[in-house]
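The structure file run-v3.txt is reproduced below (compact mmCIF, C-alpha atoms and all ligand atoms).
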# COMPACT_ATOMS: atom_id res chain seq x y z
CA MET A 1 -33.45 0.24 2.48
CA ASP A 2 -35.00 3.27 0.72
CA SER A 3 -31.79 4.67 -0.71
CA MET A 4 -28.10 3.92 -0.55
CA ASN A 5 -27.81 6.53 2.24
CA ASP A 6 -29.80 4.17 4.46
CA ALA A 7 -27.64 1.15 3.57
CA ARG A 8 -26.16 -0.73 6.50
CA ILE A 9 -22.59 -1.41 5.42
CA LEU A 10 -19.95 -3.30 7.38
CA ILE A 11 -16.26 -2.88 6.61
CA VAL A 12 -14.04 -5.64 7.95
CA GLY A 13 -10.55 -4.31 8.68
CA ALA A 14 -9.27 -0.88 9.71
CA GLY A 15 -6.08 -0.88 7.65
CA PRO A 16 -5.53 1.80 5.00
CA THR A 17 -8.08 0.17 2.67
CA GLY A 18 -10.90 -0.22 5.20
CA LEU A 19 -10.35 3.26 6.63
CA THR A 20 -10.33 4.84 3.16
CA ALA A 21 -13.54 2.98 2.23
CA GLY A 22 -15.13 4.13 5.49
CA LEU A 23 -14.00 7.71 5.08
CA GLU A 24 -15.04 7.97 1.43
CA LEU A 25 -18.47 6.51 2.22
CA ALA A 26 -18.97 8.70 5.29
CA ARG A 27 -17.96 11.79 3.30
CA ARG A 28 -20.86 10.98 0.96
CA GLY A 29 -23.31 10.63 3.83
CA ILE A 30 -23.22 6.82 4.11
CA VAL A 31 -21.59 6.08 7.46
CA PRO A 32 -20.56 2.40 7.66
CA ASP A 33 -19.53 0.28 10.64
CA ILE A 34 -15.85 -0.71 10.69
CA ILE A 35 -14.61 -3.60 12.80
CA ASP A 36 -11.03 -4.74 13.38
CA ARG A 37 -9.75 -7.67 15.38
CA LYS A 38 -6.80 -5.63 16.71
CA GLU A 39 -7.19 -4.25 20.21
CA GLN A 40 -6.25 -0.77 19.03
CA ALA A 41 -4.78 1.10 16.10
CA SER A 42 -1.47 -0.31 14.89
CA THR A 43 1.87 1.26 15.79
CA LEU A 44 3.75 -0.80 13.21
CA SER A 45 4.48 0.37 9.71
CA ARG A 46 4.61 -1.64 6.51
CA ALA A 47 3.94 0.74 3.64
CA VAL A 48 6.00 3.89 3.37
CA GLY A 49 5.35 5.38 -0.05
CA ILE A 50 2.20 7.37 -0.79
CA LEU A 51 1.85 7.97 -4.51
CA PRO A 52 0.24 10.93 -6.32
CA ARG A 53 -2.94 8.99 -7.13
CA SER A 54 -3.58 8.45 -3.41
CA LEU A 55 -2.88 12.14 -2.72
CA ASP A 56 -5.48 13.04 -5.35
CA ILE A 57 -8.01 10.55 -3.93
CA LEU A 58 -7.60 11.74 -0.35
CA ARG A 59 -7.63 15.45 -1.10
CA PRO A 60 -11.40 16.14 -0.85
CA SER A 61 -11.55 14.72 2.68
CA GLY A 62 -8.68 16.91 3.87
CA VAL A 63 -6.48 13.85 4.51
CA THR A 64 -3.89 14.81 1.89
CA GLU A 65 -3.27 18.12 3.61
CA LYS A 66 -2.45 16.29 6.85
CA LEU A 67 -0.31 13.69 5.08
CA LEU A 68 1.69 16.50 3.49
CA GLU A 69 2.21 18.16 6.89
CA GLU A 70 3.76 14.99 8.31
CA GLY A 71 5.29 13.17 5.35
CA ILE A 72 8.65 13.63 3.68
CA LYS A 73 8.58 14.64 0.04
CA LEU A 74 10.84 12.32 -1.91
CA GLU A 75 11.91 14.11 -5.04
CA ASN A 76 14.95 12.00 -5.89
CA ILE A 77 15.95 8.38 -6.26
CA SER A 78 19.58 7.26 -6.00
CA LEU A 79 20.70 3.98 -7.45
CA TYR A 80 23.93 2.35 -6.23
CA ARG A 81 25.92 -0.56 -7.57
CA GLY A 82 27.46 -1.81 -4.35
CA ARG A 83 28.86 1.30 -2.63
CA THR A 84 29.13 3.40 -5.76
CA GLU A 85 26.35 5.71 -6.80
CA ALA A 86 25.52 4.78 -10.39
CA PHE A 87 23.14 7.68 -10.86
CA SER A 88 20.46 9.75 -9.26
CA PHE A 89 17.33 11.08 -10.86
CA SER A 90 14.62 13.55 -10.07
CA LEU A 91 10.88 12.83 -9.95
CA ASN A 92 10.08 16.39 -11.03
CA GLY A 93 7.62 16.47 -13.90
CA GLY A 94 6.36 12.96 -13.14
CA HIS A 95 2.81 14.04 -12.25
CA PRO A 96 0.80 17.18 -12.96
CA ASN A 97 -0.19 17.76 -9.30
CA TRP A 98 2.64 16.22 -7.29
CA GLU A 99 6.29 16.11 -8.25
CA PHE A 100 7.26 13.68 -5.51
CA GLY A 101 6.35 10.50 -3.72
CA LEU A 102 5.42 11.07 -0.08
CA ALA A 103 7.13 8.97 2.59
CA LEU A 104 5.24 8.37 5.80
CA ALA A 105 5.02 5.41 8.15
CA GLN A 106 1.81 3.43 7.57
CA ASP A 107 0.71 3.76 11.20
CA ARG A 108 0.69 7.56 10.79
CA THR A 109 -1.23 7.31 7.51
CA GLU A 110 -3.77 5.06 9.23
CA SER A 111 -4.05 7.43 12.17
CA ILE A 112 -4.79 10.39 9.87
CA LEU A 113 -7.37 8.34 7.93
CA HIS A 114 -8.93 7.21 11.21
CA ASP A 115 -9.24 10.78 12.53
CA ALA A 116 -10.90 11.91 9.29
CA PHE A 117 -13.35 8.97 9.43
CA VAL A 118 -14.27 9.97 12.99
CA LYS A 119 -14.69 13.59 11.87
CA TYR A 120 -17.30 12.42 9.35
CA GLY A 121 -19.21 10.59 12.08
CA GLY A 122 -17.59 7.13 11.92
CA ARG A 123 -16.25 4.88 14.63
CA VAL A 124 -13.95 1.86 14.47
CA LYS A 125 -14.93 -1.00 16.72
CA TYR A 126 -11.66 -2.69 17.73
CA SER A 127 -11.32 -6.17 19.33
CA THR A 128 -14.09 -7.39 17.03
CA GLU A 129 -13.17 -10.26 14.75
CA LEU A 130 -15.15 -11.48 11.78
CA GLN A 131 -15.54 -15.23 12.07
CA ASP A 132 -17.88 -16.05 9.22
CA LEU A 133 -20.48 -14.61 6.90
CA ASN A 134 -23.18 -15.82 4.57
CA GLN A 135 -25.74 -14.05 2.46
CA ASN A 136 -29.02 -14.27 0.61
CA SER A 137 -30.30 -11.93 -2.10
CA GLU A 138 -31.23 -9.23 0.44
CA ASN A 139 -28.86 -9.42 3.40
CA VAL A 140 -25.46 -10.44 4.62
CA PHE A 141 -25.33 -12.25 7.97
CA VAL A 142 -22.11 -11.63 9.85
CA THR A 143 -20.85 -13.69 12.78
CA THR A 144 -18.11 -12.29 14.99
CA ALA A 145 -15.76 -14.22 17.27
CA ASP A 146 -17.74 -13.18 20.37
CA GLY A 147 -20.73 -15.09 18.96
CA MET A 148 -22.72 -12.02 17.83
CA ARG A 149 -24.71 -12.38 14.59
CA VAL A 150 -25.54 -9.11 12.85
CA GLU A 151 -27.39 -8.38 9.61
CA TYR A 152 -26.06 -5.93 7.01
CA ASP A 153 -27.06 -4.84 3.50
CA TYR A 154 -23.46 -5.01 2.25
CA VAL A 155 -20.05 -6.08 3.53
CA ILE A 156 -16.63 -4.86 2.38
CA GLY A 157 -13.80 -7.26 3.17
CA ALA A 158 -10.69 -5.14 3.71
CA ASP A 159 -9.20 -7.70 6.06
CA GLY A 160 -5.78 -8.14 4.49
CA VAL A 161 -3.89 -11.01 2.88
CA GLN A 162 -5.36 -13.72 5.12
CA SER A 163 -8.90 -12.35 4.55
CA ILE A 164 -11.62 -14.33 6.32
CA THR A 165 -14.14 -12.54 4.08
CA ARG A 166 -12.44 -13.95 0.99
CA LYS A 167 -12.33 -17.42 2.54
CA ALA A 168 -16.02 -17.23 3.53
CA LEU A 169 -16.87 -16.37 -0.08
CA GLY A 170 -14.84 -19.37 -1.26
CA ILE A 171 -12.81 -17.21 -3.65
CA ASP A 172 -9.39 -18.54 -4.73
CA PHE A 173 -6.36 -16.32 -4.20
CA ILE A 174 -4.61 -17.15 -7.44
CA GLY A 175 -0.84 -16.83 -7.75
CA PHE A 176 2.38 -18.02 -6.17
CA ASP A 177 4.79 -17.51 -3.26
CA LEU A 178 8.35 -16.29 -3.73
CA PRO A 179 10.88 -18.71 -2.25
CA GLU A 180 13.27 -16.16 -0.75
CA THR A 181 13.03 -14.53 2.64
CA TRP A 182 12.92 -10.72 2.74
CA SER A 183 13.95 -8.64 5.73
CA ILE A 184 13.03 -5.30 7.16
CA ALA A 185 14.44 -2.96 9.80
CA ASP A 186 13.11 0.38 11.06
CA VAL A 187 15.93 2.41 12.57
CA ASP A 188 16.81 5.81 13.97
CA ALA A 189 19.89 7.00 12.12
CA PRO A 190 20.38 10.78 12.46
CA ASP A 191 23.52 10.81 10.30
CA TRP A 192 22.11 8.90 7.31
CA GLU A 193 23.36 10.88 4.34
CA ASN A 194 20.51 10.19 1.90
CA HIS A 195 17.82 11.29 4.35
CA ASP A 196 15.85 13.17 1.69
CA ARG A 197 15.74 10.49 -0.95
CA PHE A 198 14.92 6.94 -1.80
CA THR A 199 18.12 4.84 -2.00
CA MET A 200 18.46 1.53 -3.77
CA CYS A 201 21.67 -0.55 -3.65
CA MET A 202 22.08 -3.41 -6.09
CA LEU A 203 24.48 -6.12 -4.92
CA PRO A 204 25.88 -9.18 -6.67
CA GLY A 205 23.72 -12.31 -6.97
CA GLY A 206 20.42 -10.47 -7.42
CA LYS A 207 20.49 -8.97 -3.93
CA VAL A 208 19.05 -5.55 -3.31
CA VAL A 209 18.72 -3.23 -0.30
CA VAL A 210 16.47 -0.20 -0.21
CA VAL A 211 16.42 2.65 2.30
CA ALA A 212 13.39 4.93 2.54
CA PRO A 213 12.80 7.74 5.03
CA LEU A 214 9.92 7.33 7.49
CA GLU A 215 10.63 10.56 9.36
CA ARG A 216 13.55 13.02 9.32
CA THR A 217 15.83 10.64 11.26
CA ARG A 218 13.84 7.38 11.08
CA PHE A 219 14.39 5.02 8.15
CA ARG A 220 13.10 1.78 6.69
CA VAL A 221 15.72 -0.65 5.39
CA ILE A 222 14.34 -3.50 3.33
CA SER A 223 16.08 -6.26 1.40
CA ASN A 224 15.57 -9.57 -0.35
CA THR A 225 18.15 -11.04 2.04
CA ALA A 226 17.71 -12.38 5.57
CA ASP A 227 19.24 -9.27 7.25
CA ALA A 228 18.64 -5.92 5.57
CA LEU A 229 20.89 -3.92 7.92
CA LYS A 230 23.84 -6.28 7.54
CA THR A 231 23.43 -6.32 3.77
CA LEU A 232 23.38 -2.52 3.38
CA PRO A 233 26.75 -1.65 1.82
CA LEU A 234 26.59 2.05 2.79
CA ARG A 235 27.54 3.50 6.17
CA MET A 236 24.56 3.87 8.46
CA HIS A 237 24.89 4.32 12.22
CA ALA A 238 21.65 2.88 13.47
CA LYS A 239 21.27 4.43 16.94
CA ASN A 240 18.11 2.58 17.73
CA ILE A 241 16.59 -0.40 15.97
CA ARG A 242 12.85 0.01 16.47
CA ARG A 243 11.90 -3.12 14.63
CA LYS A 244 13.62 -5.95 12.80
CA GLY A 245 12.12 -8.97 11.11
CA THR A 246 11.77 -11.18 8.09
CA PHE A 247 8.81 -11.85 5.84
CA LYS A 248 7.77 -13.86 2.80
CA ILE A 249 6.14 -12.47 -0.30
CA SER A 250 3.26 -13.79 -2.36
CA ILE A 251 2.09 -12.57 -5.74
CA ARG A 252 -1.65 -13.20 -5.83
CA GLN A 253 -4.94 -11.75 -6.99
CA VAL A 254 -8.58 -12.83 -6.90
CA ALA A 255 -10.41 -13.16 -10.21
CA ASN A 256 -13.67 -11.81 -8.70
CA TYR A 257 -13.71 -8.83 -6.37
CA SER A 258 -17.32 -9.40 -5.35
CA VAL A 259 -19.92 -12.07 -4.77
CA GLY A 260 -23.49 -10.87 -4.31
CA ARG A 261 -23.51 -8.23 -1.59
CA VAL A 262 -19.93 -8.75 -0.44
CA PHE A 263 -16.94 -6.90 -1.91
CA LEU A 264 -13.19 -7.37 -1.52
CA ALA A 265 -10.66 -4.53 -1.48
CA GLY A 266 -6.96 -4.04 -0.75
CA ASP A 267 -4.68 -6.91 0.26
CA ALA A 268 -7.75 -9.12 0.66
CA ALA A 269 -7.97 -9.02 -3.14
CA HIS A 270 -4.33 -8.73 -4.19
CA CYS A 271 -0.77 -8.87 -2.90
CA HIS A 272 2.65 -8.47 -4.45
CA SER A 273 6.20 -7.52 -3.55
CA PRO A 274 7.04 -4.06 -2.13
CA ALA A 275 8.91 -3.28 -5.38
CA GLY A 276 7.49 -0.01 -6.66
CA GLY A 277 5.67 0.63 -3.36
CA ARG A 278 2.22 0.09 -4.84
CA GLY A 279 0.30 -2.22 -2.43
CA MET A 280 -1.27 0.27 -0.04
CA ASN A 281 -1.90 2.73 -2.86
CA LEU A 282 -3.77 0.09 -4.83
CA GLY A 283 -5.93 -0.68 -1.79
CA ILE A 284 -6.71 3.02 -1.36
CA ALA A 285 -7.77 3.16 -5.03
CA ASP A 286 -9.99 0.05 -4.62
CA ALA A 287 -11.64 1.60 -1.58
CA ALA A 288 -12.24 4.99 -3.17
CA GLU A 289 -13.71 3.48 -6.32
CA LEU A 290 -15.98 1.19 -4.33
CA ALA A 291 -17.26 4.08 -2.19
CA GLY A 292 -17.93 6.12 -5.33
CA ARG A 293 -19.81 3.18 -6.85
CA PHE A 294 -21.95 2.82 -3.72
CA ALA A 295 -22.88 6.49 -4.01
CA ASN A 296 -23.59 6.30 -7.77
CA ASN A 297 -25.27 2.91 -7.64
CA THR A 298 -22.82 1.40 -10.13
CA LEU A 299 -21.60 -1.51 -8.02
CA ASP A 300 -21.84 -3.94 -10.93
CA GLY A 301 -18.73 -2.60 -12.64
CA TYR A 302 -16.53 -2.77 -9.52
CA SER A 303 -15.02 -6.23 -9.94
CA VAL A 304 -14.05 -5.90 -13.61
CA SER A 305 -12.60 -2.44 -13.14
CA ARG A 306 -10.53 -3.25 -10.04
CA TYR A 307 -9.33 -6.59 -11.40
CA ALA A 308 -7.90 -4.79 -14.45
CA ASP A 309 -6.18 -2.11 -12.35
CA GLY A 310 -4.82 -4.72 -9.93
CA LYS A 311 -3.50 -6.89 -12.75
CA ARG A 312 -1.72 -3.93 -14.32
CA THR A 313 -0.19 -2.84 -11.00
CA ILE A 314 0.97 -6.33 -10.10
CA ALA A 315 2.57 -6.71 -13.55
CA ALA A 316 4.39 -3.36 -13.12
CA SER A 317 5.62 -4.29 -9.64
CA GLU A 318 6.78 -7.69 -10.86
CA GLN A 319 8.64 -6.11 -13.75
CA ILE A 320 10.57 -3.89 -11.31
CA ARG A 321 11.25 -6.77 -8.90
CA LYS A 322 12.47 -9.10 -11.63
CA VAL A 323 14.91 -6.57 -13.04
CA VAL A 324 16.34 -5.16 -9.80
CA ALA A 325 16.60 -8.64 -8.24
CA SER A 326 17.87 -10.36 -11.37
CA LYS A 327 20.85 -12.66 -10.82
CA ASN A 328 21.97 -11.96 -14.36
CA PRO A 329 24.62 -9.20 -14.27
CA ILE A 330 23.90 -8.34 -17.92
CA VAL A 331 20.23 -7.58 -17.13
CA ARG A 332 21.18 -5.37 -14.21
CA GLY A 333 24.03 -3.70 -16.09
CA THR A 334 21.64 -2.93 -18.94
CA LEU A 335 19.14 -1.49 -16.45
CA VAL A 336 21.71 0.88 -14.96
CA LEU A 337 23.09 1.95 -18.34
CA GLY A 338 19.59 2.31 -19.79
CA LEU A 339 18.36 4.42 -16.88
CA ALA A 340 21.51 6.56 -16.93
CA PHE A 341 21.03 7.15 -20.68
CA ILE A 342 17.33 7.97 -20.32
CA ASN A 343 18.19 10.35 -17.50
CA GLN A 344 20.23 12.57 -19.83
CA PHE A 345 17.37 14.02 -21.88
CA PRO A 346 14.55 16.17 -20.47
CA PHE A 347 11.76 14.32 -22.34
CA THR A 348 12.84 10.77 -21.43
CA LYS A 349 13.71 11.95 -17.92
CA LYS A 350 10.11 13.06 -17.50
CA LEU A 351 8.87 9.69 -18.77
CA LEU A 352 11.03 7.95 -16.19
CA ALA A 353 9.65 10.17 -13.42
CA LYS A 354 6.13 9.41 -14.66
CA ARG A 355 6.85 5.69 -14.56
CA PHE A 356 7.80 5.92 -10.88
CA LEU A 357 4.97 8.20 -9.82
CA SER A 358 2.16 6.62 -11.84
CA ASP A 359 -0.30 4.23 -10.24
C1 LIG A 401 7.53 -4.73 4.28
C2 LIG A 401 6.42 -4.15 3.49
C3 LIG A 401 6.60 -2.91 2.89
C4 LIG A 401 5.57 -2.34 2.16
N1 LIG A 401 5.77 -1.13 1.59
C5 LIG A 401 4.77 -0.56 0.85
C6 LIG A 401 4.93 0.76 0.27
O1 LIG A 401 5.96 1.43 0.41
N2 LIG A 401 3.88 1.27 -0.42
C7 LIG A 401 2.71 0.58 -0.55
O2 LIG A 401 1.80 1.11 -1.22
N3 LIG A 401 2.52 -0.63 0.00
C8 LIG A 401 3.51 -1.23 0.70
N4 LIG A 401 3.31 -2.44 1.29
C9 LIG A 401 2.00 -3.09 1.21
C10 LIG A 401 1.01 -2.51 2.21
O3 LIG A 401 1.50 -2.56 3.54
C11 LIG A 401 -0.31 -3.25 2.14
O4 LIG A 401 -0.68 -3.34 0.78
C12 LIG A 401 -1.40 -2.53 2.92
O5 LIG A 401 -1.17 -2.57 4.31
C13 LIG A 401 -2.76 -3.19 2.65
O6 LIG A 401 -3.74 -2.53 3.37
P1 LIG A 401 -5.11 -3.26 3.72
O7 LIG A 401 -5.88 -2.26 4.51
O8 LIG A 401 -5.70 -3.81 2.49
O9 LIG A 401 -4.72 -4.50 4.62
P2 LIG A 401 -4.01 -4.51 6.05
O10 LIG A 401 -3.14 -3.34 6.21
O11 LIG A 401 -3.41 -5.86 6.21
O12 LIG A 401 -5.23 -4.33 7.06
C14 LIG A 401 -6.15 -5.36 7.29
C15 LIG A 401 -6.84 -5.12 8.63
O13 LIG A 401 -7.84 -6.11 8.79
C16 LIG A 401 -7.82 -6.58 10.13
N5 LIG A 401 -8.38 -7.94 10.13
C17 LIG A 401 -7.85 -9.05 9.55
N6 LIG A 401 -8.67 -10.10 9.73
C18 LIG A 401 -9.76 -9.64 10.41
C19 LIG A 401 -10.96 -10.26 10.90
N7 LIG A 401 -11.21 -11.58 10.68
N8 LIG A 401 -11.85 -9.50 11.56
C20 LIG A 401 -11.61 -8.16 11.76
N9 LIG A 401 -10.49 -7.54 11.34
C21 LIG A 401 -9.58 -8.27 10.67
C22 LIG A 401 -6.36 -6.52 10.53
O14 LIG A 401 -6.22 -6.45 11.93
C23 LIG A 401 -5.90 -5.26 9.81
O15 LIG A 401 -6.01 -4.12 10.64
C24 LIG A 401 4.33 -3.04 2.03
C25 LIG A 401 4.17 -4.28 2.63
C26 LIG A 401 5.19 -4.84 3.35
C27 LIG A 401 5.00 -6.19 3.98

Target format structure tokens, applied to this file:
Amino acid sequence: MDSMNDARILIVGAGPTGLTAGLELARRGIVPDIIDRKEQASTLSRAVGILPRSLDILRPSGVTEKLLEEGIKLENISLYRGRTEAFSFSLNGGHPNWEFGLALAQDRTESILHDAFVKYGGRVKYSTELQDLNQNSENVFVTTADGMRVEYDYVIGADGVQSITRKALGIDFIGFDLPETWSIADVDAPDWENHDRFTMCMLPGGKVVVVAPLERTRFRVISNTADALKTLPLRMHAKNIRRKGTFKISIRQVANYSVGRVFLAGDAAHCHSPAGGRGMNLGIADAAELAGRFANNTLDGYSVSRYADGKRTIAASEQIRKVVASKNPIVRGTLVLGLAFINQFPFTKKLLAKRFLSD
């Protein structure tokens, strides 16, 4: 390999992290291979919220422009105690470039990232599953499920929470699992009143239900109960339930984001609850930093830098989750009163908006 531009790089996983890594490398003239075990691009959405940092990162490639064309700008958050709106606040002033969080279904975000990667000369090879890898000081040897063995200079594991890359490296995924079951429903509800905002309803016993727009009449309902739609205390006529399910949450992070020539990014390196909507955004930031470090030949600093950012983001998400899902009515009451108080003054209001829109 004469220069990094000649490097043979494999990215495992074509989720938002892998696609961003591919796109950001290809944009700099280093076109990697991307493989994904799925047969085709996903039509299911997990992440909804795209934060200002991601919009800044994806601007040079033209992706942000497309995201803005399709996404819904969320400029307000409404907080309910049961059926009563406790208060609503604006995100204006929360970021110098973007005064909103953008809501878009993850499958659409992935599709836009994919198209941009293709535009820069990339191609995703679907139905190709990483089975194992090992490395020496000069190469990484990758084995796929169809028995192929291919040699690369570097590998980026962006293969999600159950990462085979991470397992092959023998890296521990340190943390814990939350005991409760969470639920999700994606619905068409043309008459949903809060269609332009993020709605959070706090219910007794530490229960919480959140509604976020995916499209003008399509919404995501998510809750730390077994049935998000049943738990929602507000009136919503769901005309069509596109998807309904339950899931468990883990709070975990690796201590090392790289071993030798193999790097981890996105959910392969960290996971946490959807509180704060940070997971996909953190993966996009990992991917963009890694691509930049490939181009600048500063790969050594990647692990320390991303570990610190991940730790900070997980702590922030956990802080939100613990307060909004607290079973202690005094903690929740204090939250509502505190936020309502802060929301009265322009300066503190701006700080609150910043808190929600920051990385
Ligand atoms: C209900 C829910 C709501 C969420 N909401 C938000 C939100 O609002 N905002 C936010 O920022 N985040 C949110 N998240 C988190 C977000 O969805 C994830 O952080 C994000 O998808 C991680 O992206 P990724 O590319 O790292 O991993 P993934 O999206 O999991 O992609 C990994 C890819 O790797 C592929 N793969 C796996 N193993 C292999 C293999 N062995 N070989 C080849 N390919 C493989 C998979 O097929 C997949 O395509 C939410 C998560 C959940 C569960």

Considering only C-alpha atoms and all ligand atoms, can you say which of A:Asp56, A:Glu318, A:Asp36, A:Glu70 comes closest to ligand LIG 401 (chain A)?
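Distance minimum relative to ligand LIG 401 (chain A) lands on A:Asp36.
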
Show me, as a PyMOL selection string, the residues that have an atom within 9 Å of Asp153 of chain A when counting only C-alpha atoms, minus same-chain residues fewer than 6 positions from it.
chain A and resi 1+7-10+138-141+261

Would you put the residues from that selection into a file with C-alpha atoms, as a PDB file, in the coordinates of the input?
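Saved the output as out.pdb:
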ATOM      1  CA  MET A   1     -33.450   0.240   2.480  1.00  0.00           C
ATOM      2  CA  ALA A   7     -27.640   1.150   3.570  1.00  0.00           C
ATOM      3  CA  ARG A   8     -26.160  -0.730   6.500  1.00  0.00           C
ATOM      4  CA  ILE A   9     -22.590  -1.410   5.420  1.00  0.00           C
ATOM      5  CA  LEU A  10     -19.950  -3.300   7.380  1.00  0.00           C
ATOM      6  CA  GLU A 138     -31.230  -9.230   0.440  1.00  0.00           C
ATOM      7  CA  ASN A 139     -28.860  -9.420   3.400  1.00  0.00           C
ATOM      8  CA  VAL A 140     -25.460 -10.440   4.620  1.00  0.00           C
ATOM      9  CA  PHE A 141     -25.330 -12.250   7.970  1.00  0.00           C
ATOM     10  CA  ARG A 261     -23.510  -8.230  -1.590  1.00  0.00           C
TER      11      ARG A 261
END

Using only C-alpha atoms, determine which residues lie at most 9 Å from Asp286 of chain A, disregarding the query and same-chain residues fewer than 4 positions distant; provide the list as an MDAnalysis selection string.
chainID A and resid 17 21 264:266 281:282 290:291 302 306 309:310

Save the residues we just selected, C-alpha atoms, as a PDB file, keeping the file's coordinate frame?
ATOM      1  CA  THR A  17      -8.080   0.170   2.670  1.00  0.00           C
ATOM      2  CA  ALA A  21     -13.540   2.980   2.230  1.00  0.00           C
ATOM      3  CA  LEU A 264     -13.190  -7.370  -1.520  1.00  0.00           C
ATOM      4  CA  ALA A 265     -10.660  -4.530  -1.480  1.00  0.00           C
ATOM      5  CA  GLY A 266      -6.960  -4.040  -0.750  1.00  0.00           C
ATOM      6  CA  ASN A 281      -1.900   2.730  -2.860  1.00  0.00           C
ATOM      7  CA  LEU A 282      -3.770   0.090  -4.830  1.00  0.00           C
ATOM      8  CA  LEU A 290     -15.980   1.190  -4.330  1.00  0.00           C
ATOM      9  CA  ALA A 291     -17.260   4.080  -2.190  1.00  0.00           C
ATOM     10  CA  TYR A 302     -16.530  -2.770  -9.520  1.00  0.00           C
ATOM     11  CA  ARG A 306     -10.530  -3.250 -10.040  1.00  0.00           C
ATOM     12  CA  ASP A 309      -6.180  -2.110 -12.350  1.00  0.00           C
ATOM     13  CA  GLY A 310      -4.820  -4.720  -9.930  1.00  0.00           C
TER      14      GLY A 310
END

Step by step, gather every atom of segment 127-133 of chain A that the file lists, find the box along x, y and z that holds them, add 5 Å on each side, and finally give centre and edge lengths in Å to one decimal, as JSON.
{"center_x": -15.9, "center_y": -11.1, "center_z": 13.1, "size_x": 19.2, "size_y": 19.9, "size_z": 22.4}

Please identify every polymer residue within 6 Å of ligand LIG 401 (chain A), using only C-alpha atoms and all ligand atoms, and present the set as a PyMOL selection string.
chain A and resi 12-18+35-38+46-49+128-131+158-160+163-164+266-268+274+277-281+283

Nearest to Ala340 of chain A by atom-to-atom distance, counting all atoms listed in the file, from A:Ile184, A:Thr225, A:Leu352, A:Lys239
A:Leu352

Using all atoms listed in the file, which residues sit within 9 Å of Asn194 of chain A once same-chain residues fewer than 6 positions away are excluded, as a ChimeraX atom specification?
/A:78,211-213

Just give me the gap between atom CA of Arg28 of chain A and atom CA of Val63 of chain A in Å, one decimal is fine.
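Between these atoms lies a distance of 15.1 Å.
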
Identify which of the residues A:Lys311, A:His195, A:Lys207, A:His237 lies closest to Lys327 of chain A, counting only C-alpha atoms when measuring atom-to-atom distances.
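Under the stated criterion, the closest residue is A:Lys207.
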
A:Glu289, A:Asp300, A:Leu25, A:Leu214 ranked by distance to Arg242 of chain A, top pick (using all atoms listed in the file)
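Nearest candidate to Arg242 of chain A out of A:Glu289, A:Asp300, A:Leu25, A:Leu214: A:Leu214.
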
Between A:Leu58, A:Ile174, A:Lys66, A:Tyr154, smallest distance to Gly260 of chain A by all atoms listed in the file belongs to A:Tyr154

Counting all atoms listed in the file, which residue out of A:Gly93, A:Ser88, A:Leu44, A:Pro52 sits closest to Pro346 of chain A?
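That would be A:Gly93, the residue with the smallest distance to Pro346 of chain A.
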
As an exercise, work out the distance from atom CA of Phe100 of chain A to atom CA of Thr20 of chain A in Å and give it to one decimal place.
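We find that atom CA of Phe100 of chain A and atom CA of Thr20 of chain A lie 21.5 Å from each other.
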
Between atom CA of Ala353 of chain A and atom CA of Glu99 of chain A, what is the spacing in Å?
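According to the coordinates, atom CA of Glu99 of chain A and atom CA of Ala353 of chain A are separated by 8.6 Å.
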